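Heads up, the thing below is written out as structure tokens.
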Amino acid sequence: MAAKGTRKNKNNTQITWKEIRRQKVLIFWGAVFVIYGFIFCYLPLGGWLMAFQNYKPKDGLLHSQFVGLAKFQQLFSDATFLRVIRNTLAMGIINLVFTFVMAIAFAILLNEVKSRSGKKVVQTISYLPHFLSWIIVTGILHDALSGTGIINELLLKFNILDQPLNFFAYPKYFWWIVAFANVWKETGWNAIIYLSAITAIDPSLYEAASIDGAGRWAKIRHITFPGIKPTIMILLLMNVGNVLNAGFEVQYLLGNGLVQSVSQTIDIYVLKWGISQGDYAIGTAAGIFKSVVSIILIVVANQMAKHTGEERLF
């Protein structure tokens, strides 16, 4: 028993002034990031008080009239806000499914490329769109999908259409255009972490599978996919909380009066009513709603993963 106690004490690093001086650089930079997080992440949460007030900039947070949940009641009695929730959820789910699946599929397929130089070229080209701003991406989309764009030219050439189609005039196309834009822009970048997870798989597993006569599909199914499954689960749980972060720039830049009913997201609603109309309280209430729903989604998804025995965040 004494030996066990001695061994246990040796494994525990005691916090002494000598240890603090030895780790002073680490402690300094750790304190810097803690202070940064407090100032820019937690301190601004005090502004949530506006959602429970009839906030007036001239009165400030401390002197504006307290109205309780009146702003939230106003939100959920607004048909526009309910439509905005629908749009945000729909685009968020579509983006999550397509970008998630495409990144995994791309990483697995790229891993099957045997040429190292060819793999590097493809990977570099694939993640370059990530560094383009949404202004450039939406400009490319506008040109490609315009009446004289390459998409209409191809559809006319192969007799799929009789006349050019204005894709941005039909609400039924808008969500899928947004999904395509996100997939094209982020697939290569999102695949990097899956490629890293694949490289961590023991190569001897593939050699053993080859000896047993397994083909490429069998190796992917029984080695590659199970090997990156923990990474997939962790990233899925993290991304579930971002479902309501369906985007702002792409919807704002691609949207127009003809597709307004399907293009507005919660972020655009906050911009319109919270800033443009000067109703900061209603904009803050909408932002709080999005944050609370995101937290609930993460907790629920994490509990589901826990009950099924999968990897979880906490």
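Residue numbering restarts at 1 for every chain of the structure tokens, chains are lettered A, B, ... in their displayed order, and ligands are numbered from 1 as they appear.
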Subject >> Residue neighbourhood A:Gln73, 10 Å, only C-alpha atoms, exclusion window fewer than 5 positions, as JSON, numbers by chain >> reply: {"A": [68, 78, 285]}
For the residues in the current selection, export N, CA and C atoms as a CSV table (one decimal), in the first residue's frame.
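Result saved to result-v3.csv:
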```csv
chain,number,residue,atom,x,y,z
A,68,GLY,N,-39.3,42.3,-20.3
A,68,GLY,CA,-39.4,40.9,-20.1
A,68,GLY,C,-39.3,40.1,-21.4
A,78,ASP,N,-44.4,36.8,-35.5
A,78,ASP,CA,-44.1,37.4,-36.8
A,78,ASP,C,-44.0,36.3,-37.8
A,285,ALA,N,-32.8,39.4,-29.6
A,285,ALA,CA,-33.7,38.3,-29.3
A,285,ALA,C,-33.5,37.2,-30.3
```
**OP:** Fewer than 4 positions away in the same chain doesn't count, so skip those; otherwise give me all residues within 8 Å of A:Asn54, counting only C-alpha atoms, as an MDAnalysis selection string.
**Re:** chainID A and resid 50 64:67 281
Can you spit out the residues from that selection as a PDB file, in the first residue's frame, using C-alpha atoms?
```pdb
ATOM      1  CA  MET A  50     -31.171  44.288 -24.746  1.00  0.00           C
ATOM      2  CA  SER A  64     -33.799  51.309 -21.018  1.00  0.00           C
ATOM      3  CA  GLN A  65     -37.304  50.076 -20.137  1.00  0.00           C
ATOM      4  CA  PHE A  66     -37.466  46.417 -19.078  1.00  0.00           C
ATOM      5  CA  VAL A  67     -40.154  44.511 -21.034  1.00  0.00           C
ATOM      6  CA  ALA A 281     -33.750  44.455 -29.004  1.00  0.00           C
TER       7      ALA A 281
END
```
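Closest approach to A:Thr99 among A:Thr224, A:Ser261, A:Ser77, A:Asn239: A:Asn239, based on only C-alpha atoms.
One finds atom CA of A:Phe100 at 16.9 Å from atom CA of A:Glu311.
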**OP:** Please report, as JSON, numbers by chain, each residue of stretch 94-277 of chain A to which DSSP assigns alpha helix (DSSP H) when run on this structure's backbone.
**Re:** {"A": [94, 95, 96, 97, 98, 99, 100, 101, 102, 103, 104, 105, 106, 107, 108, 109, 110, 111, 116, 117, 118, 119, 120, 121, 122, 123, 124, 125, 126, 127, 134, 135, 136, 137, 138, 139, 140, 141, 142, 143, 144, 145, 150, 151, 152, 153, 154, 155, 156, 157, 171, 172, 173, 174, 175, 176, 177, 178, 179, 180, 181, 182, 183, 184, 185, 186, 187, 188, 189, 190, 191, 192, 193, 194, 195, 196, 197, 198, 199, 203, 204, 205, 206, 207, 208, 209, 210, 211, 216, 217, 218, 219, 225, 226, 227, 228, 229, 230, 231, 232, 233, 234, 235, 236, 237, 238, 239, 240, 249, 250, 251, 252, 253, 254, 260, 261, 262, 263, 266, 267, 268, 269]}
Determine, for each residue of stretch 215-257 of chain A having at least one atom at most 12 Å from an atom of stretch 150-169 of chain A, the closest pair of atoms and their separation in Å to one decimal, counting only C-alpha atoms; order by chain and ascending number, as JSON lines.
```
{"residue": "A:Gln251", "atom": "CA", "partner": "A:Phe168", "partner_atom": "CA", "distance": 11.5}
{"residue": "A:Leu253", "atom": "CA", "partner": "A:Phe168", "partner_atom": "CA", "distance": 11.4}
{"residue": "A:Leu254", "atom": "CA", "partner": "A:Phe168", "partner_atom": "CA", "distance": 7.7}
{"residue": "A:Gly255", "atom": "CA", "partner": "A:Phe168", "partner_atom": "CA", "distance": 7.8}
{"residue": "A:Asn256", "atom": "CA", "partner": "A:Phe168", "partner_atom": "CA", "distance": 7.9}
{"residue": "A:Gly257", "atom": "CA", "partner": "A:Ala169", "partner_atom": "CA", "distance": 8.8}
```
With C-alpha atoms retained, could you export that selection as a PDB file, in the first residue's frame?
```
ATOM      1  CA  GLN A 251     -27.736  34.284 -49.238  1.00  0.00           C
ATOM      2  CA  LEU A 253     -25.406  38.329 -52.230  1.00  0.00           C
ATOM      3  CA  LEU A 254     -27.399  35.814 -54.290  1.00  0.00           C
ATOM      4  CA  GLY A 255     -30.819  36.817 -52.985  1.00  0.00           C
ATOM      5  CA  ASN A 256     -33.192  39.159 -54.762  1.00  0.00           C
ATOM      6  CA  GLY A 257     -36.814  40.188 -54.573  1.00  0.00           C
TER       7      GLY A 257
END
```
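Taking atom CA of A:Thr187 as the reference point, atom CA of A:Ala103 is found at 4.9 Å.
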